[in-house]
$ cat work-v5.cif   # mmCIF, C-alpha atoms
data_upload
loop_
_atom_site.label_atom_id
_atom_site.label_comp_id
_atom_site.auth_asym_id
_atom_site.auth_seq_id
_atom_site.Cartn_x
_atom_site.Cartn_y
_atom_site.Cartn_z
CA MET L 48 69.45 63.25 251.33
CA GLU L 49 67.95 64.55 248.09
CA PHE L 50 70.27 64.50 245.08
CA THR L 51 70.16 66.67 241.97
CA LYS L 52 70.73 63.63 239.76
CA LEU L 53 70.66 59.89 240.33
CA LEU L 54 73.75 57.72 240.09
CA PRO L 55 74.29 55.85 236.81
CA ASN L 56 72.87 52.33 236.80
CA SER L 57 73.18 51.46 233.13
CA CYS L 58 75.56 51.73 230.19
CA ASP L 59 72.65 52.89 228.00
CA PHE L 60 73.21 56.57 227.20
CA ARG L 61 69.57 57.29 226.37
CA ASP L 62 68.46 55.67 229.63
CA LEU L 63 70.89 57.80 231.64
CA ILE L 64 69.62 61.02 230.07
CA ASP L 65 65.91 60.13 230.14
CA ASN L 66 66.00 59.12 233.80
CA ASN L 67 67.94 62.13 235.11
CA ARG L 68 71.03 60.08 235.91
CA ILE L 69 74.60 61.36 236.00
CA TYR L 70 76.39 61.19 232.68
CA VAL L 71 80.07 62.06 232.94
CA ASP L 72 80.46 64.17 229.81
CA LYS L 73 83.12 62.77 227.49
CA THR L 74 81.46 64.13 224.37
CA ALA L 75 84.10 66.74 223.49
CA LEU L 76 86.58 63.89 223.02
CA ILE L 77 83.90 61.78 221.31
CA SER L 78 83.26 64.63 218.87
CA GLN L 79 86.93 64.79 217.89
CA ILE L 80 87.02 61.05 217.19
CA SER L 81 83.65 60.88 215.45
CA LYS L 82 84.33 63.68 212.99
CA ASP L 83 86.99 61.53 211.35
CA GLU L 84 85.67 59.47 208.42
CA LYS L 85 88.90 57.53 207.99
CA GLY L 86 89.43 55.20 210.98
CA PRO L 87 88.65 52.55 211.98
CA TYR L 88 89.28 53.20 215.68
CA PHE L 89 90.18 50.75 218.42
CA ILE L 90 90.68 51.04 222.18
CA SER L 91 91.56 48.45 224.81
CA ARG L 92 90.70 48.88 228.50
CA PRO L 93 90.01 46.54 231.44
CA ARG L 94 86.48 45.47 232.24
CA ARG L 95 84.14 47.88 234.03
CA PHE L 96 85.82 50.99 232.63
CA GLY L 97 82.93 52.38 230.59
CA LYS L 98 83.59 50.86 227.17
CA SER L 99 79.94 49.87 226.70
CA THR L 100 78.76 53.34 227.75
CA LEU L 101 81.11 54.83 225.16
CA ILE L 102 79.78 52.52 222.44
CA ASN L 103 76.18 53.29 223.43
CA THR L 104 76.90 57.03 223.36
CA LEU L 105 78.34 56.71 219.85
CA HIS L 106 75.28 54.69 218.83
CA GLU L 107 72.91 57.37 220.10
CA LEU L 108 74.89 60.15 218.42
CA PHE L 109 75.05 58.56 214.99
CA ALA L 110 71.55 57.06 215.03
CA HIS L 111 69.59 60.01 216.48
CA GLY L 112 71.84 63.05 216.34
CA LEU L 113 71.79 65.65 219.12
CA GLU L 114 68.30 64.85 220.44
CA LYS L 115 69.63 63.57 223.79
CA PHE L 116 72.81 65.68 223.93
CA LYS L 117 71.30 68.99 225.03
CA GLY L 118 73.70 70.88 227.28
CA LEU L 119 76.59 68.50 226.66
CA GLU L 120 79.94 69.62 225.25
CA ILE L 121 79.27 68.11 221.84
CA GLU L 122 76.07 70.10 221.20
CA PRO L 123 77.68 73.11 219.48
CA LEU L 124 80.34 70.95 217.81
CA TRP L 125 78.33 68.28 215.99
CA LYS L 126 77.00 69.03 212.50
CA ASP L 127 76.67 65.58 210.94
CA LYS L 128 73.48 63.79 209.85
CA THR L 129 72.16 60.48 211.19
CA TYR L 130 73.07 56.98 209.99
CA LYS L 131 72.05 53.37 210.29
CA VAL L 132 74.13 51.89 213.13
CA LEU L 133 75.25 48.25 213.13
CA HIS L 134 75.98 47.54 216.81
CA LEU L 135 77.61 44.20 217.69
CA ASP L 136 78.04 43.42 221.39
CA PHE L 137 80.18 40.29 221.66
CA SER L 138 80.04 40.41 225.46
CA SER L 139 76.38 39.37 225.28
CA TYR L 140 77.14 36.15 223.39
CA ASN L 141 77.33 32.64 224.82
CA PHE L 142 80.85 31.73 223.74
CA SER L 143 81.51 28.33 225.28
CA SER L 144 83.44 25.81 223.19
CA GLU L 145 80.24 23.86 222.58
CA ILE L 146 78.63 26.76 220.72
CA ASN L 147 78.92 26.84 216.93
CA PHE L 148 80.48 30.28 216.77
CA ASN L 149 80.07 30.70 213.01
CA ASP L 150 76.32 30.03 213.11
CA TYR L 151 75.81 32.13 216.25
CA PHE L 152 77.69 35.10 214.80
CA TYR L 153 75.97 34.75 211.42
CA GLU L 154 72.45 34.79 212.89
CA ASP L 155 73.20 37.72 215.19
CA LEU L 156 74.72 39.70 212.33
CA LYS L 157 71.71 38.93 210.15
CA GLN L 158 69.27 40.12 212.82
CA GLU L 159 71.29 43.30 213.33
CA PHE L 160 71.18 44.07 209.60
CA LEU L 161 67.41 43.49 209.56
CA SER L 162 66.86 45.60 212.69
CA ILE L 163 68.35 48.69 211.03
CA GLY L 164 66.24 48.26 207.91
CA LEU L 165 68.75 46.75 205.51
CA LYS L 166 67.66 44.19 202.95
CA VAL L 167 68.98 40.68 203.59
CA ASN L 168 68.72 38.13 200.79
CA ASP L 169 70.87 35.26 202.04
CA SER L 170 68.85 32.48 200.39
CA THR L 171 71.34 32.68 197.53
CA LEU L 172 74.31 31.91 199.80
CA ASP L 173 75.65 28.36 199.54
CA THR L 174 77.49 28.74 202.86
CA LYS L 175 76.35 30.82 205.80
CA ILE L 176 79.53 32.67 206.73
CA PRO L 177 79.48 36.15 208.36
CA ALA L 178 81.89 37.62 205.80
CA LEU L 179 79.68 36.43 202.93
CA LEU L 180 76.64 37.92 204.64
CA VAL L 181 78.37 41.32 204.79
CA ASP L 182 79.10 41.02 201.07
CA ASN L 183 75.50 40.00 200.35
CA VAL L 184 73.91 42.83 202.33
CA LEU L 185 76.16 45.59 201.05
CA LYS L 186 75.67 44.48 197.45
CA ASN L 187 71.88 44.45 197.84
CA ASN L 188 71.47 47.85 199.46
CA PRO L 189 72.06 51.36 198.08
CA SER L 190 75.77 52.14 197.80
CA ASP L 191 75.24 55.76 198.87
CA GLN L 192 73.78 54.66 202.21
CA LYS L 193 76.69 54.74 204.66
CA ILE L 194 76.64 52.65 207.83
CA VAL L 195 78.25 53.10 211.25
CA LEU L 196 79.80 49.92 212.69
CA LEU L 197 80.28 49.65 216.47
CA ILE L 198 81.80 46.51 218.03
CA ASP L 199 81.94 46.09 221.80
CA GLU L 200 84.32 43.54 223.43
CA TYR L 201 85.66 42.21 220.12
CA ASP L 202 87.96 39.77 221.96
CA THR L 203 85.34 37.87 223.97
CA PRO L 204 84.84 34.98 221.52
CA LEU L 205 88.59 34.34 221.43
CA SER L 206 89.29 34.78 225.14
CA ALA L 207 86.60 32.21 225.90
CA VAL L 208 88.54 29.45 224.11
CA LEU L 209 92.20 30.31 224.70
CA ASN L 210 92.77 26.84 226.11
CA ASN L 211 91.30 25.20 223.01
CA GLU L 212 93.76 25.89 220.21
CA LYS L 213 91.67 24.33 217.45
CA GLU L 214 88.57 26.36 218.33
CA PHE L 215 90.66 29.50 218.90
CA ILE L 216 92.12 29.29 215.39
CA ALA L 217 88.71 28.56 213.85
CA ARG L 218 87.14 31.60 215.51
CA ARG L 219 90.12 33.80 214.72
CA ASP L 220 89.84 32.89 211.04
CA ILE L 221 86.08 33.59 210.98
CA LEU L 222 86.63 37.01 212.54
CA HIS L 223 89.58 37.76 210.30
CA SER L 224 87.49 37.05 207.19
CA PHE L 225 84.71 39.25 208.60
CA TYR L 226 87.06 42.19 209.21
CA SER L 227 88.67 41.67 205.81
CA LYS L 228 85.27 41.95 204.16
CA VAL L 229 84.48 45.10 206.15
CA LYS L 230 87.81 46.52 204.95
CA GLN L 231 86.87 45.64 201.36
CA TYR L 232 83.74 47.77 201.76
CA GLN L 233 85.28 50.40 204.01
CA GLY L 234 84.00 53.18 201.78
CA ARG L 235 80.47 52.14 202.73
CA PHE L 236 81.12 52.79 206.41
CA ARG L 237 80.92 56.31 207.82
CA PHE L 238 82.63 55.31 211.07
CA ILE L 239 84.00 52.16 212.72
CA PHE L 240 84.83 51.85 216.42
CA ILE L 241 85.95 48.69 218.23
CA THR L 242 86.58 48.04 221.94
CA GLY L 243 88.13 45.14 223.83
CA VAL L 244 90.09 44.00 226.86
CA THR L 245 92.73 41.60 225.60
CA TYR L 246 95.00 42.85 222.88
CA TYR L 247 95.15 40.27 220.11
CA SER L 248 97.77 41.81 217.89
CA HIS L 249 97.16 43.18 214.45
CA THR L 250 99.08 40.29 212.89
CA SER L 251 95.99 38.07 213.02
CA ILE L 252 92.54 39.66 213.20
CA PHE L 253 93.25 43.32 212.57
CA SER L 254 95.72 42.86 209.75
CA ALA L 255 92.59 43.30 207.62
CA PHE L 256 92.68 47.02 208.46
CA ASN L 257 95.70 48.80 207.01
CA HIS L 258 95.17 52.02 208.94
CA LEU L 259 93.67 51.03 212.27
CA LYS L 260 93.81 54.03 214.63
CA ASP L 261 94.70 52.55 218.01
CA LEU L 262 93.77 54.87 220.89
CA THR L 263 94.86 52.46 223.62
CA LEU L 264 98.05 54.35 224.52
CA SER L 265 96.93 57.74 223.20
CA THR L 266 97.82 60.64 225.49
CA LYS L 267 95.06 62.77 223.98
CA TYR L 268 92.41 60.16 224.77
CA GLY L 269 93.92 58.84 228.01
CA ALA L 270 90.85 59.99 229.99
CA LEU L 271 88.25 58.88 227.43
CA LEU L 272 87.37 55.97 229.73
CA GLY L 273 87.32 56.13 233.53
CA TYR L 274 86.72 59.18 235.74
CA THR L 275 89.34 61.84 236.47
CA THR L 276 89.57 63.54 239.88
CA GLU L 277 88.09 66.68 238.32
CA GLU L 278 85.13 64.69 236.99
CA LEU L 279 84.66 63.01 240.36
CA GLU L 280 84.36 66.40 242.06
CA LYS L 281 82.21 67.95 239.32
CA TYR L 282 79.61 65.21 238.92
CA PHE L 283 79.60 63.41 242.27
CA TYR L 284 80.28 66.23 244.77
CA GLU L 285 77.03 65.89 246.71
CA TYR L 286 77.37 62.10 246.80
CA ILE L 287 80.83 62.48 248.34
CA ASP L 288 79.38 64.79 250.99
CA ASN L 289 76.69 62.20 251.66
CA ALA L 290 79.32 59.46 251.95
CA ALA L 291 81.15 61.49 254.61
CA THR L 292 77.94 61.84 256.63
CA VAL L 293 77.09 58.15 256.32
CA LEU L 294 80.61 56.99 257.21
CA ASN L 295 80.63 59.20 260.30
CA GLU L 296 77.30 57.75 261.41
CA GLU L 297 78.34 54.17 260.72
CA ASN L 298 81.65 54.54 262.54
CA ASP L 299 80.39 56.80 265.34
CA THR L 300 82.97 59.44 264.52
CA ASP L 301 83.29 62.89 262.98
CA ALA L 302 86.59 62.12 261.24
CA TYR L 303 85.19 62.00 257.72
CA ASP L 304 84.78 65.17 255.71
CA HIS L 305 84.61 65.71 251.95
CA ALA L 306 88.39 65.86 251.51
CA MET L 307 89.01 62.72 253.55
CA VAL L 308 86.45 60.72 251.56
CA VAL L 309 88.10 61.83 248.31
CA GLU L 310 91.47 60.79 249.72
CA GLU L 311 90.14 57.33 250.63
CA ILE L 312 88.46 56.97 247.24
CA GLN L 313 91.81 57.78 245.63
CA ARG L 314 93.67 55.22 247.75
CA ASN L 315 91.16 52.50 246.94
CA TYR L 316 89.94 53.16 243.39
CA ASP L 317 92.27 55.67 241.65
CA GLY L 318 95.72 55.36 240.15
CA TYR L 319 94.97 53.94 236.72
CA SER L 320 96.97 55.36 233.84
CA PHE L 321 97.01 53.88 230.35
CA ASP L 322 98.54 56.54 228.10
CA ARG L 323 102.10 56.45 226.84
CA LYS L 324 103.10 59.59 228.76
CA CYS L 325 101.29 58.61 231.98
CA LYS L 326 99.47 61.97 232.01
CA ALA L 327 95.86 60.97 232.65
CA HIS L 328 94.97 59.25 235.92
CA VAL L 329 91.50 57.81 236.26
CA PHE L 330 89.23 55.98 238.69
CA ASN L 331 87.40 52.75 237.99
CA PRO L 332 83.82 53.97 237.32
CA TRP L 333 82.20 50.75 238.54
CA SER L 334 83.84 51.00 241.96
CA ILE L 335 83.08 54.72 242.32
CA ILE L 336 79.39 54.31 241.53
CA ASN L 337 78.97 51.32 243.82
CA PHE L 338 80.79 52.96 246.73
CA LEU L 339 78.74 56.16 246.46
CA GLU L 340 75.55 54.09 246.20
CA SER L 341 76.31 52.27 249.48
CA PRO L 342 78.93 54.21 251.48
CA GLU L 343 77.79 52.46 254.66
CA ASP L 344 79.55 49.32 253.39
CA GLY L 345 82.88 51.11 253.32
CA PHE L 346 85.62 50.98 250.70
CA ILE L 347 85.14 47.39 249.59
CA PRO L 348 86.54 45.87 246.36
CA TYR L 349 83.56 46.22 244.01
CA TRP L 350 85.57 45.46 240.87
CA VAL L 351 86.39 42.02 242.24
CA SER L 352 82.86 41.19 243.37
CA SER L 353 81.48 42.15 239.94
CA GLY L 354 83.60 39.54 238.19
CA GLY L 355 85.57 42.24 236.39
CA ALA L 356 88.78 41.15 238.10
CA THR L 357 88.60 37.45 237.29
CA PRO L 358 87.62 36.83 233.67
CA THR L 359 88.09 33.21 232.60
CA PHE L 360 90.92 34.05 230.23
CA LEU L 361 92.92 35.57 233.09
CA VAL L 362 92.48 32.54 235.33
CA ASN L 363 93.64 30.31 232.47
CA TYR L 364 96.63 32.53 231.85
CA LEU L 365 97.56 32.69 235.49
CA LYS L 366 97.62 28.91 235.75
CA GLN L 367 100.19 28.88 232.96
CA GLY L 368 102.05 31.96 234.17
CA LEU L 369 102.66 30.55 237.63
CA LYS L 370 104.54 27.69 236.02
CA LYS L 371 106.76 30.11 234.15
CA TYR L 372 107.68 32.72 236.78
CA ASN L 373 109.62 32.04 239.96
CA ALA L 374 108.68 33.20 243.45
CA ASP L 375 110.91 36.29 243.31
CA GLU L 376 109.22 37.54 240.15
CA LEU L 377 105.77 37.01 241.62
CA GLN L 378 106.87 38.67 244.85
CA SER L 379 107.95 41.77 242.96
CA LEU L 380 104.35 42.35 241.84
CA LEU L 381 102.69 42.32 245.26
CA GLY L 382 103.61 45.73 246.67
CA ILE L 383 101.44 48.69 245.74
CA ASP L 384 104.63 50.71 245.18
CA SER L 385 106.47 47.93 243.36
CA THR L 386 106.98 48.22 239.62
CA VAL L 387 108.45 46.27 236.75
CA ASN L 388 109.99 47.79 233.63
CA LYS L 389 108.23 47.14 230.32
CA ASP L 390 108.16 48.51 226.80
CA THR L 391 105.14 48.88 224.52
CA ASP L 392 105.63 45.57 222.74
CA SER L 393 105.77 43.62 225.99
CA LEU L 394 102.53 45.20 227.25
CA TYR L 395 100.76 44.32 224.02
CA PRO L 396 102.37 41.14 222.67
CA SER L 397 101.01 38.98 219.89
CA ILE L 398 98.66 36.42 221.44
CA GLU L 399 97.95 33.38 219.31
CA ASN L 400 96.89 30.83 221.96
CA ILE L 401 97.33 29.99 225.62
CA SER L 402 100.88 28.75 225.15
CA ASN L 403 101.90 32.19 223.86
CA ILE L 404 101.82 33.91 227.23
CA ASP L 405 103.23 36.91 229.02
CA LEU L 406 101.85 37.11 232.53
CA PHE L 407 102.81 40.75 233.00
CA ALA L 408 101.02 41.81 229.82
CA ILE L 409 97.86 39.92 230.68
CA LEU L 410 97.76 41.34 234.20
CA TYR L 411 98.18 44.81 232.72
CA GLN L 412 95.46 44.36 230.10
CA ALA L 413 93.08 42.88 232.69
CA GLY L 414 93.50 45.92 234.97
CA TYR L 415 95.75 44.55 237.71
CA PHE L 416 98.61 46.71 236.50
CA CYS L 417 98.73 50.21 235.13
CA ILE L 418 101.45 52.55 233.93
CA LYS L 419 103.06 54.28 236.94
CA SER L 420 105.62 56.29 234.98
CA ALA L 421 106.77 56.55 231.38
CA PHE L 422 109.82 57.64 229.44
CA ASP L 423 110.55 57.37 225.72
CA GLY L 424 108.44 54.27 225.06
CA TYR L 425 109.39 52.50 228.30
CA PHE L 426 107.10 52.11 231.30
CA LYS L 427 107.15 51.24 234.95
CA VAL L 428 104.01 49.24 235.59
CA GLY L 429 102.50 48.22 238.90
CA ILE L 430 99.37 47.83 240.99
CA PRO L 431 97.26 51.02 240.89
CA ASN L 432 95.39 51.00 244.21
CA LEU L 433 94.32 49.10 247.33
CA GLU L 434 91.28 47.51 245.68
CA VAL L 435 93.46 45.95 243.01
CA LYS L 436 96.13 44.96 245.52
CA LYS L 437 93.51 42.91 247.36
CA ALA L 438 92.24 41.43 244.12
CA TYR L 439 95.71 40.50 242.94
CA SER L 440 96.74 38.94 246.24
CA ASN L 441 93.53 36.88 246.27
CA LEU L 442 94.06 35.85 242.66
CA LEU L 443 97.58 34.66 243.41
CA LEU L 444 96.50 33.02 246.63
CA ASN L 445 93.76 31.03 244.91
CA GLN L 446 96.22 29.73 242.33
CA LEU L 447 99.12 29.10 244.71
CA THR L 448 96.95 27.28 247.26
CA ARG L 449 94.80 24.99 245.16
CA THR L 450 94.22 22.29 247.75
CA GLN L 451 92.41 22.77 251.04
CA ASP L 452 95.40 21.49 253.00
CA THR L 453 97.73 23.96 251.32
CA LYS L 454 95.31 26.79 251.99
CA LEU L 455 95.15 26.00 255.68
CA ARG L 456 98.94 25.97 255.97
CA PHE L 457 99.59 28.95 253.73
CA ILE L 458 96.72 31.41 253.75
CA GLU L 459 97.14 33.00 257.20
CA PRO L 460 100.92 33.58 256.92
CA PHE L 461 100.36 34.96 253.43
CA LYS L 462 97.70 37.37 254.67
CA GLU L 463 99.94 38.49 257.53
CA VAL L 464 102.77 39.30 255.13
CA LEU L 465 100.46 41.26 252.85
CA ALA L 466 99.09 43.20 255.81
CA SER L 467 102.57 44.01 257.11
CA GLY L 468 103.85 45.08 253.72
CA ASN L 469 107.08 43.16 254.35
CA LEU L 470 107.20 41.28 251.08
CA ASP L 471 110.73 39.99 251.72
CA LYS L 472 109.13 37.31 253.90
CA ILE L 473 107.53 35.67 250.87
CA ARG L 474 109.87 32.93 249.69
#
$ encode --input "work-v5.cif" --output "structure tokens"
Amino acid sequence: MEFTKLLPNSCDFRDLIDNNRIYVDKTALISQISKDEKGPYFISRPRRFGKSTLINTLHELFAHGLEKFKGLEIEPLWKDKTYKVLHLDFSSYNFSSEINFNDYFYEDLKQEFLSIGLKVNDSTLDTKIPALLVDNVLKNNPSDQKIVLLIDEYDTPLSAVLNNEKEFIARRDILHSFYSKVKQYQGRFRFIFITGVTYYSHTSIFSAFNHLKDLTLSTKYGALLGYTTEELEKYFYEYIDNAATVLNEENDTDAYDHAMVVEEIQRNYDGYSFDRKCKAHVFNPWSIINFLESPEDGFIPYWVSSGGATPTFLVNYLKQGLKKYNADELQSLLGIDSTVNKDTDSLYPSIENISNIDLFAILYQAGYFCIKSAFDGYFKVGIPNLEVKKAYSNLLLNQLTRTQDTKLRFIEPFKEVLASGNLDKIR
């Protein structure tokens, strides 16, 4: 089947446009955020939800203007000039405990400054610290030359060492001093946007910013990341039709039509809501793209196989959390219709180290939970869809059955209970 546009295969905005790939247009929302010169902005979402695509889109907009935005919603809205863009992608770093984080961060920051044409004269620095480098560069370049700062996956260096308190504190302090220096020179920055997964509270790193604009629970920007049902139909309609044809051929049936495929996509990959009023419901983009790329494989859990469902920090947290919660509490999380009641503070607690743990909050931030309903600052949170239910049951199973003997005795009964939906049998 010939398609009008190819499926996305990159988070690089320019690459998507240049290679006639589908770009789900979020630029009207991006325009509203980007017009603001106050900021800085922050948003937290699970992995594989389009944070890097958002950051790359912002980079393209500020660095090159509307050149690649022809026909998109932002085209008639955007009137700003172009800027030098400092783009830090912490997800690309090697952040093991053995790495000297200060030196690694310093050198990357230096190369980023040089790559955008800023003068770096760090030979005068007695100590090579990222915060001092920011000070050095901004003092030695024209003060009327504003910069855009984009930081993707800010939390990665900390999440990598949550079980090493000494290293965690050292990295936290380095980052805090960096953000404090950025705040000192905030007038030199046209726009600042930061993304992440785990919500390290403002009491440590982000206390440097007095007026951080947190979009994580924003109702207005609830659909900024992820695909809505309307976007699924608008941008992927012909791929859904193709999936119906392929599934019918693979299963020797004529049961699948467009509507049925959408229904199955919803059951498996939809159901995520992150805003405080639970208004926007979105699909996981990674799972949608992979399913539509290979519908013959069926509705398999792509988020899990990509590694998005099992970041190291979550495995470490789960090991601790299973010691803290009893079987009844864990049981209450397994049903796709089961929920637990939480308020905002308990979904985004202050995380200082691995001993400061709330299993529910971490599961929520990692994408295993989402908001199912909301009222006056209180939420019912639970598993969003079948893909995540499978991922969560496997995650629990791997931690509850850590020896081969235990697995053999426990795994089949556990699977049978999950399949039956009779969670009362788990004791």
$ atom_distance --input "work-v5.cif" --atom1 "atom CA of L:Tyr284" --atom2 "atom CA of L:Ile69"
11.5 Å
$ residues_around --input "work-v5.cif" --residues "L:Pro204" --least-positions-apart "3" --cutoff "9 Å" --atoms "only C-alpha atoms" --output "list in words"
Phe137, Ser138, Tyr140, Asn141, Phe142, Ser143, Phe148, Glu200, Tyr201, Ala207, Val208, Phe215, Arg218 and Arg219 of chain L
$ residues_around --input "work-v5.cif" --residues "stretch 235-244 of chain L" --least-positions-apart "3" --cutoff "6 Å" --atoms "all atoms listed in the file" --output "PyMOL selection string"
chain L and resi 84+87-93+193-202+232
$ closest_residue --input "work-v5.cif" --among "L:Phe422, L:Tyr415, L:Phe225, L:Tyr316" --to "L:Asn149" --atoms "all atoms listed in the file"
L:Phe225
$ atom_distance --input "work-v5.cif" --atom1 "atom CA of L:Asp65" --atom2 "atom CA of L:Val309"
28.7 Å
$ atom_distance --input "work-v5.cif" --atom1 "atom CA of L:Lys52" --atom2 "atom CA of L:Val132"
29.3 Å
$ resolve_selection --input "work-v5.cif" --expression "the PyMOL selection byres ((chain L and resi 276) around 8)" --output "VMD selection string"
chain L and resid 274 to 275 277 to 280 328 to 330
$ closest_residue --input "work-v5.cif" --among "L:Asp127, L:Asp390, L:Asp182, L:Asp301" --to "L:Lys427" --atoms "all atoms listed in the file"
L:Asp390
$ resolve_selection --input "work-v5.cif" --expression "the PyMOL selection byres ((chain L and resi 285) around 10)" --output "list in words"
Met48, Glu49, Phe50, Thr51, Lys52, Glu280, Lys281, Tyr282, Phe283, Tyr284, Tyr286, Ile287, Asp288, Asn289, Ala290, Ala291, His305 and Leu339 of chain L
$ residues_around --input "work-v5.cif" --residues "L:Ile383" --least-positions-apart "4" --cutoff "8 Å" --atoms "all atoms listed in the file" --output "PyMOL selection string"
chain L and resi 429-433+436
$ closest_residue --input "work-v5.cif" --among "L:Lys126, L:Lys267, L:Lys115, L:Lys213" --to "L:Ser78" --atoms "only C-alpha atoms"
L:Lys126
$ closest_residue --input "work-v5.cif" --among "L:Ala217, L:Ser265, L:Phe416, L:Pro189" --to "L:Ala438" --atoms "only C-alpha atoms"
L:Phe416
$ closest_residue --input "work-v5.cif" --among "L:Val435, L:Ala413, L:Leu442, L:Ala327" --to "L:Arg94" --atoms "only C-alpha atoms"
L:Ala413
$ closest_residue --input "work-v5.cif" --among "L:Pro177, L:Gly97, L:Gly424, L:Gly118" --to "L:Lys228" --atoms "all atoms listed in the file"
L:Pro177
$ resolve_selection --input "work-v5.cif" --expression "the PyMOL selection byres ((chain L and resi 183) around 9)" --output "number ranges by chain"
L: 167-169, 171-172, 178-182, 184-188
$ residues_around --input "work-v5.cif" --residues "stretch 157-162 of chain L" --least-positions-apart "3" --cutoff "8 Å" --atoms "only C-alpha atoms" --output "number ranges by chain"
L: 133-135, 153-154, 165-167, 180, 184
